[in-house]
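Okay, query14.cif is below, mmCIF, C-alpha atoms and all ligand atoms:
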```cif
data_my_file
loop_
_atom_site.label_atom_id
_atom_site.label_comp_id
_atom_site.auth_asym_id
_atom_site.auth_seq_id
_atom_site.Cartn_x
_atom_site.Cartn_y
_atom_site.Cartn_z
CA MET A 833 0.00 0.00 0.00
CA THR A 834 1.46 3.35 -1.04
CA ARG A 835 1.55 5.78 1.88
CA VAL A 836 0.35 9.24 0.86
CA VAL A 837 0.63 12.53 2.75
CA VAL A 838 -1.60 15.32 1.43
CA LEU A 839 -0.65 19.00 1.85
CA VAL A 840 -3.61 21.40 2.00
CA SER A 841 -4.20 25.11 2.62
CA GLY A 842 -7.87 25.41 1.75
CA ALA A 843 -11.24 23.71 1.52
CA GLY A 844 -9.84 20.27 0.76
CA SER A 845 -12.21 19.05 -1.95
CA ASN A 846 -9.33 17.28 -3.69
CA LEU A 847 -8.35 15.67 -0.40
CA ALA A 848 -11.94 14.54 0.12
CA ALA A 849 -11.90 12.81 -3.27
CA LEU A 850 -8.67 10.99 -2.38
CA LEU A 851 -10.15 9.90 0.96
CA THR A 852 -13.17 8.44 -0.81
CA ALA A 853 -10.93 6.57 -3.24
CA HIS A 854 -8.61 5.15 -0.57
CA ASP A 855 -11.48 3.35 1.13
CA ASP A 856 -11.17 0.77 -1.66
CA ALA A 857 -8.10 -1.38 -0.91
CA ALA A 858 -7.66 -2.02 -4.66
CA TYR A 859 -6.94 1.69 -5.13
CA GLY A 860 -3.41 1.04 -3.86
CA ALA A 861 -2.93 4.30 -1.96
CA ARG A 862 -3.74 5.23 1.61
CA VAL A 863 -3.77 8.81 2.92
CA VAL A 864 -1.81 8.40 6.16
CA GLY A 865 -1.50 12.07 7.09
CA VAL A 866 -2.66 15.56 6.15
CA VAL A 867 -0.41 18.58 6.75
CA SER A 868 -1.40 22.22 6.43
CA ASP A 869 0.26 25.61 6.75
CA LYS A 870 -3.02 26.99 8.17
CA ALA A 871 -4.84 25.85 11.30
CA SER A 872 -8.11 27.09 9.75
CA ALA A 873 -7.89 25.01 6.56
CA GLY A 874 -11.15 23.17 5.87
CA GLY A 875 -9.09 20.24 4.66
CA LEU A 876 -8.01 19.57 8.24
CA ASP A 877 -11.65 19.10 9.30
CA ILE A 878 -12.19 16.71 6.40
CA ALA A 879 -9.13 14.70 7.47
CA ARG A 880 -10.21 14.59 11.11
CA ALA A 881 -13.70 13.45 10.14
CA ALA A 882 -12.10 10.61 8.20
CA GLY A 883 -9.90 9.68 11.15
CA VAL A 884 -6.68 10.68 9.37
CA PRO A 885 -3.98 12.28 11.55
CA THR A 886 -3.16 15.92 10.85
CA ALA A 887 -0.39 18.42 11.53
CA VAL A 888 -0.16 22.20 11.17
CA VAL A 889 3.14 23.81 10.23
CA ALA A 890 2.46 27.56 10.29
CA PRO A 891 5.16 29.89 8.92
CA ALA A 892 4.54 32.31 11.84
CA ASP A 893 5.92 29.68 14.22
CA PHE A 894 9.32 29.64 12.49
CA GLU A 895 12.22 32.04 12.36
CA ASP A 896 12.45 32.17 8.59
CA ARG A 897 11.45 30.43 5.40
CA ALA A 898 14.25 27.88 5.53
CA ALA A 899 13.34 26.89 9.10
CA TRP A 900 9.69 26.52 8.11
CA ASP A 901 10.74 24.36 5.19
CA ARG A 902 12.73 22.08 7.49
CA GLY A 903 9.79 21.98 9.91
CA LEU A 904 7.45 20.99 7.11
CA ALA A 905 9.81 18.22 6.00
CA ARG A 906 9.98 16.94 9.59
CA SER A 907 6.20 16.93 10.04
CA VAL A 908 5.62 15.18 6.73
CA GLY A 909 8.44 12.72 7.49
CA VAL A 910 6.66 11.58 10.65
CA PHE A 911 4.14 9.82 8.39
CA SER A 912 6.85 8.04 6.32
CA PRO A 913 5.17 8.77 3.01
CA ASP A 914 6.03 7.15 -0.31
CA LEU A 915 4.24 10.00 -2.08
CA VAL A 916 3.43 13.59 -1.09
CA VAL A 917 0.44 15.20 -2.81
CA SER A 918 0.13 18.98 -2.75
CA ALA A 919 -3.60 19.59 -3.27
CA GLY A 920 -4.39 23.25 -2.86
CA PHE A 921 -1.25 23.90 -0.82
CA MET A 922 -0.55 27.59 -1.46
CA ARG A 923 3.15 27.72 -0.62
CA ILE A 924 6.35 27.02 -2.49
CA LEU A 925 8.19 23.93 -1.31
CA GLY A 926 11.82 24.85 -0.69
CA ALA A 927 15.18 23.10 -0.88
CA ALA A 928 15.08 21.35 2.51
CA PHE A 929 11.71 19.82 1.69
CA LEU A 930 12.70 18.76 -1.83
CA ASP A 931 16.01 17.30 -0.61
CA GLU A 932 13.90 14.85 1.33
CA PHE A 933 10.83 14.38 -0.84
CA GLY A 934 11.85 15.57 -4.32
CA GLY A 935 10.82 13.23 -7.15
CA ARG A 936 7.94 11.88 -5.09
CA THR A 937 6.09 15.11 -4.44
CA VAL A 938 3.32 15.97 -6.90
CA ASN A 939 1.04 18.99 -7.23
CA THR A 940 -2.27 19.76 -8.85
CA HIS A 941 -2.61 23.20 -10.45
CA PRO A 942 -5.83 24.75 -11.81
CA ALA A 943 -4.54 25.73 -15.28
CA LEU A 944 -2.85 24.15 -18.28
CA LEU A 945 0.82 24.59 -17.45
CA PRO A 946 3.16 26.04 -18.52
CA SER A 947 0.49 28.73 -18.95
CA PHE A 948 -0.73 30.56 -15.85
CA PRO A 949 1.47 29.24 -13.04
CA GLY A 950 1.30 30.68 -9.53
CA ALA A 951 -1.39 31.42 -7.00
CA HIS A 952 -4.04 32.75 -9.44
CA GLY A 953 -4.11 30.27 -12.29
CA VAL A 954 -7.87 30.47 -12.81
CA ARG A 955 -8.07 34.27 -12.61
CA ASP A 956 -5.08 34.73 -14.90
CA ALA A 957 -6.45 32.37 -17.56
CA LEU A 958 -9.82 34.13 -17.47
CA ALA A 959 -8.19 37.56 -17.71
CA TYR A 960 -6.10 36.46 -20.70
CA GLY A 961 -9.23 35.31 -22.51
CA VAL A 962 -8.27 31.71 -23.28
CA ARG A 963 -11.14 29.54 -24.58
CA VAL A 964 -9.90 26.38 -22.85
CA THR A 965 -8.09 25.91 -19.60
CA GLY A 966 -8.04 23.03 -17.11
CA ALA A 967 -5.79 21.44 -14.55
CA THR A 968 -2.27 20.01 -14.55
CA PHE A 969 -0.86 17.28 -12.34
CA HIS A 970 2.91 17.46 -12.15
CA VAL A 971 6.01 16.54 -10.20
CA VAL A 972 7.18 19.38 -7.97
CA ASP A 973 10.62 20.82 -8.69
CA ALA A 974 12.37 23.95 -7.39
CA GLY A 975 10.44 26.30 -9.70
CA VAL A 976 6.89 27.62 -9.42
CA ASP A 977 4.68 25.01 -11.15
CA THR A 978 7.48 24.09 -13.54
CA GLY A 979 8.03 20.38 -12.79
CA PRO A 980 7.56 17.47 -15.22
CA ILE A 981 3.91 17.03 -16.21
CA ILE A 982 2.15 13.76 -15.42
CA ALA A 983 -1.36 14.53 -16.71
CA GLN A 984 -3.63 17.35 -17.81
CA THR A 985 -7.36 17.76 -18.18
CA VAL A 986 -9.09 20.34 -20.35
CA VAL A 987 -12.08 22.52 -19.38
CA GLU A 988 -13.86 24.91 -21.73
CA VAL A 989 -14.20 28.56 -20.69
CA LEU A 990 -17.81 29.75 -21.07
CA ASP A 991 -18.73 33.29 -22.08
CA ASP A 992 -20.40 34.06 -18.77
CA ASP A 993 -17.78 32.43 -16.54
CA ASP A 994 -16.37 34.28 -13.57
CA GLU A 995 -13.40 33.03 -11.54
CA GLU A 996 -15.63 31.10 -9.15
CA SER A 997 -17.78 29.33 -11.73
CA LEU A 998 -14.76 28.42 -13.84
CA HIS A 999 -12.79 27.17 -10.82
CA GLU A 1000 -15.72 25.02 -9.71
CA ARG A 1001 -15.87 23.33 -13.14
CA ILE A 1002 -12.09 22.93 -13.20
CA LYS A 1003 -12.22 21.31 -9.76
CA VAL A 1004 -14.68 18.65 -10.96
CA ALA A 1005 -12.29 17.62 -13.75
CA GLU A 1006 -9.25 18.12 -11.51
CA ARG A 1007 -10.53 15.77 -8.81
CA GLU A 1008 -11.19 13.03 -11.32
CA MET A 1009 -7.68 13.41 -12.77
CA LEU A 1010 -6.04 13.57 -9.36
CA VAL A 1011 -7.74 10.44 -8.05
CA ALA A 1012 -6.96 8.50 -11.24
CA GLN A 1013 -3.32 9.59 -11.36
CA VAL A 1014 -2.53 9.09 -7.68
CA GLY A 1015 -3.97 5.57 -8.05
CA ARG A 1016 -1.79 4.89 -11.11
CA ILE A 1017 1.31 6.08 -9.25
CA ALA A 1018 0.39 4.11 -6.14
CA ARG A 1019 0.04 0.91 -8.14
CA GLY A 1020 2.85 1.42 -10.64
CA GLY A 1021 5.38 3.89 -9.24
CA LEU A 1022 6.72 7.22 -10.43
CA ARG A 1023 10.15 7.95 -11.86
CA LEU A 1024 11.85 10.66 -13.84
CA GLU A 1025 13.51 9.67 -17.11
CA ALA A 1026 15.34 12.33 -19.11
CA GLY A 1027 13.39 15.00 -17.28
CA ARG A 1028 10.00 13.42 -18.05
CA ALA A 1029 7.61 11.94 -15.50
CA VAL A 1030 6.98 8.24 -16.10
CA VAL A 1031 4.19 6.41 -14.27
CA GLY A 1032 3.88 2.63 -14.14
CA ARG A 1033 7.51 1.56 -14.48
CA GLY A 1034 8.34 1.44 -10.77
CA TRP A 1035 9.81 3.96 -8.38
CA ALA A 1036 13.05 5.77 -9.12
C1 LIG B 1101 -7.40 23.43 -6.46
O1 LIG B 1101 -8.10 23.86 -7.61
C2 LIG B 1101 -5.91 23.45 -6.71
O2 LIG B 1101 -5.54 23.16 -8.02
C3 LIG B 1101 -5.59 24.88 -6.38
O3 LIG B 1101 -6.34 25.17 -5.25
C4 LIG B 1101 -7.56 24.42 -5.31
C5 LIG B 1101 -7.73 23.73 -3.98
O4 LIG B 1101 -9.02 23.23 -3.84
N1 LIG B 1101 -4.19 25.05 -6.18
C6 LIG B 1101 -3.51 26.13 -6.56
O5 LIG B 1101 -4.02 27.12 -7.05
C7 LIG B 1101 -2.01 26.05 -6.30
N2 LIG B 1101 -1.32 27.04 -7.05
P1 LIG B 1101 -9.39 22.29 -2.62
O6 LIG B 1101 -8.80 22.90 -1.36
O7 LIG B 1101 -10.88 22.28 -2.59
O8 LIG B 1101 -8.82 20.92 -2.90
#
```
Represent the structure from my file as structure tokens, please.
Ligand code: GAR
Amino acid sequence: MTRVVVLVSGAGSNLAALLTAHDDAAYGARVVGVVSDKASAGGLDIARAAGVPTAVVAPADFEDRAAWDRGLARSVGVFSPDLVVSAGFMRILGAAFLDEFGGRTVNTHPALLPSFPGAHGVRDALAYGVRVTGATFHVVDAGVDTGPIIAQTVVEVLDDDDEESLHERIKVAEREMLVAQVGRIARGGLRLEAGRAVVGRGWA
């Protein structure tokens, strides 16, 4: 069984979808811990309701960014994860974290990367006027949403969309992609070959 830690900052709808999927042993992944940078994150309540242990690693409790990064790595490490899933985690993962969990940390982003990286992917795509957008599931590297892409899903932009309506439709497609891809990785492994993400040929 692949041990998964999920990082959340917000409502946790992606986490909720993973928790539903992991109830089936054939899924291959088990969410063994949920870690947030915010004590108020709705995702923590979802985890608690599912009986999954949680931890909060708030930047305000650390001297600087690097110390927070080390603290995050420590808290995640307590759960001995095989895979770390950033699902609505609104912070950049730094060197200390990636030294420990690089290559097995993945992120879901609400736009078709490499377009519209960063904290406002939905708003930026809407403002640009693209006719399609979507979500990208990728390996986390040292850049902002720049790591090797594992999967993408496309969502049409409607004429009367605002940020909220578009994000809600993206999230429906995003959840489906996330659950499917985390399951594939759990059952088949994830490795990087020549800078590309490869799922299903074992762990690196
Ligand atoms: C998701 O759409 C995720 O892609 C996005 O936040 C949402 C979290 O929703 N992440 C980012 O924008 C990261 N740059 P959730 O808390 O309901 O799962």
Query raised in the report: Can I get the residues close to ligand LIG 1101 (chain B) as number ranges by chain, where close means within 9 Å and we count all atoms listed in the file?
Result: A: 840-849, 873-875, 918-924, 939-943, 949-954, 967-969, 976-977, 999-1000, 1002-1003, 1006-1007
Env of Tyr859 (chain A): 12 Å cut, atoms = all atoms listed in the file, seq-sep filter 2 positions within chain, self excluded. Answer as a PDB file with C-alpha atoms, keeping the file's coordinate frame.
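around12.pdb written:
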```
ATOM      1  CA  MET A 833       0.000   0.000   0.000  1.00  0.00           C
ATOM      2  CA  THR A 834       1.460   3.350  -1.040  1.00  0.00           C
ATOM      3  CA  ARG A 835       1.550   5.780   1.880  1.00  0.00           C
ATOM      4  CA  LEU A 850      -8.670  10.990  -2.380  1.00  0.00           C
ATOM      5  CA  LEU A 851     -10.150   9.900   0.960  1.00  0.00           C
ATOM      6  CA  THR A 852     -13.170   8.440  -0.810  1.00  0.00           C
ATOM      7  CA  ALA A 853     -10.930   6.570  -3.240  1.00  0.00           C
ATOM      8  CA  HIS A 854      -8.610   5.150  -0.570  1.00  0.00           C
ATOM      9  CA  ASP A 855     -11.480   3.350   1.130  1.00  0.00           C
ATOM     10  CA  ASP A 856     -11.170   0.770  -1.660  1.00  0.00           C
ATOM     11  CA  ALA A 857      -8.100  -1.380  -0.910  1.00  0.00           C
ATOM     12  CA  ALA A 861      -2.930   4.300  -1.960  1.00  0.00           C
ATOM     13  CA  ARG A 862      -3.740   5.230   1.610  1.00  0.00           C
ATOM     14  CA  VAL A 863      -3.770   8.810   2.920  1.00  0.00           C
ATOM     15  CA  VAL A1011      -7.740  10.440  -8.050  1.00  0.00           C
ATOM     16  CA  ALA A1012      -6.960   8.500 -11.240  1.00  0.00           C
ATOM     17  CA  GLN A1013      -3.320   9.590 -11.360  1.00  0.00           C
ATOM     18  CA  VAL A1014      -2.530   9.090  -7.680  1.00  0.00           C
ATOM     19  CA  GLY A1015      -3.970   5.570  -8.050  1.00  0.00           C
ATOM     20  CA  ARG A1016      -1.790   4.890 -11.110  1.00  0.00           C
ATOM     21  CA  ILE A1017       1.310   6.080  -9.250  1.00  0.00           C
ATOM     22  CA  ALA A1018       0.390   4.110  -6.140  1.00  0.00           C
ATOM     23  CA  ARG A1019       0.040   0.910  -8.140  1.00  0.00           C
ATOM     24  CA  GLY A1020       2.850   1.420 -10.640  1.00  0.00           C
TER      25      GLY A1020
END
```
Query raised in the report: How many Å separate CA of Thr937 (chain A) from CA of His970 (chain A)?
Result: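 CA of His970 (chain A) lies 8.7 Å from CA of Thr937 (chain A).
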Query - Separation of CA of Leu958 (chain A) from CA of Val938 (chain A), in Å and rounded to one decimal - result: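 Straight-line distance from CA of Leu958 (chain A) to CA of Val938 (chain A) works out to 24.8 Å.
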Query - Which of A:Asp931, A:Arg936, A:Asp869, A:Gly961 sits closest to Gly1034 (chain A) [using all atoms listed in the file] - result: A:Arg936
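You will find CA of Ser872 (chain A) at 22.6 Å from CA of Gly926 (chain A).
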Show me as a PDB file with C-alpha atoms, in the frame of the given file the residues that reach within 7 Å of (-14.2, 33.9, -20.9), counting all atoms listed in the file and using the file's own coordinates.
```
ATOM      1  CA  LEU A 958      -9.820  34.130 -17.470  1.00  0.00           C
ATOM      2  CA  GLY A 961      -9.230  35.310 -22.510  1.00  0.00           C
ATOM      3  CA  VAL A 962      -8.270  31.710 -23.280  1.00  0.00           C
ATOM      4  CA  ARG A 963     -11.140  29.540 -24.580  1.00  0.00           C
ATOM      5  CA  VAL A 989     -14.200  28.560 -20.690  1.00  0.00           C
ATOM      6  CA  LEU A 990     -17.810  29.750 -21.070  1.00  0.00           C
ATOM      7  CA  ASP A 991     -18.730  33.290 -22.080  1.00  0.00           C
ATOM      8  CA  ASP A 992     -20.400  34.060 -18.770  1.00  0.00           C
ATOM      9  CA  ASP A 993     -17.780  32.430 -16.540  1.00  0.00           C
TER      10      ASP A 993
END
```
**Report entry** Residue nearest Val987 (chain A) - candidates A:Val964, A:Val1004, A:Val910, A:Arg1033, atoms counted: all atoms listed in the file
**Finding:** A:Val964
Requested in this report: Tell me, as a list in words, which residues lie within 7 Å of Ala1005 (chain A), counting only C-alpha atoms; anything in the same chain fewer than 4 positions away does not count.
Outcome: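 Listed by chain and then number, they are Thr985, Arg1001 and Met1009 of chain A.
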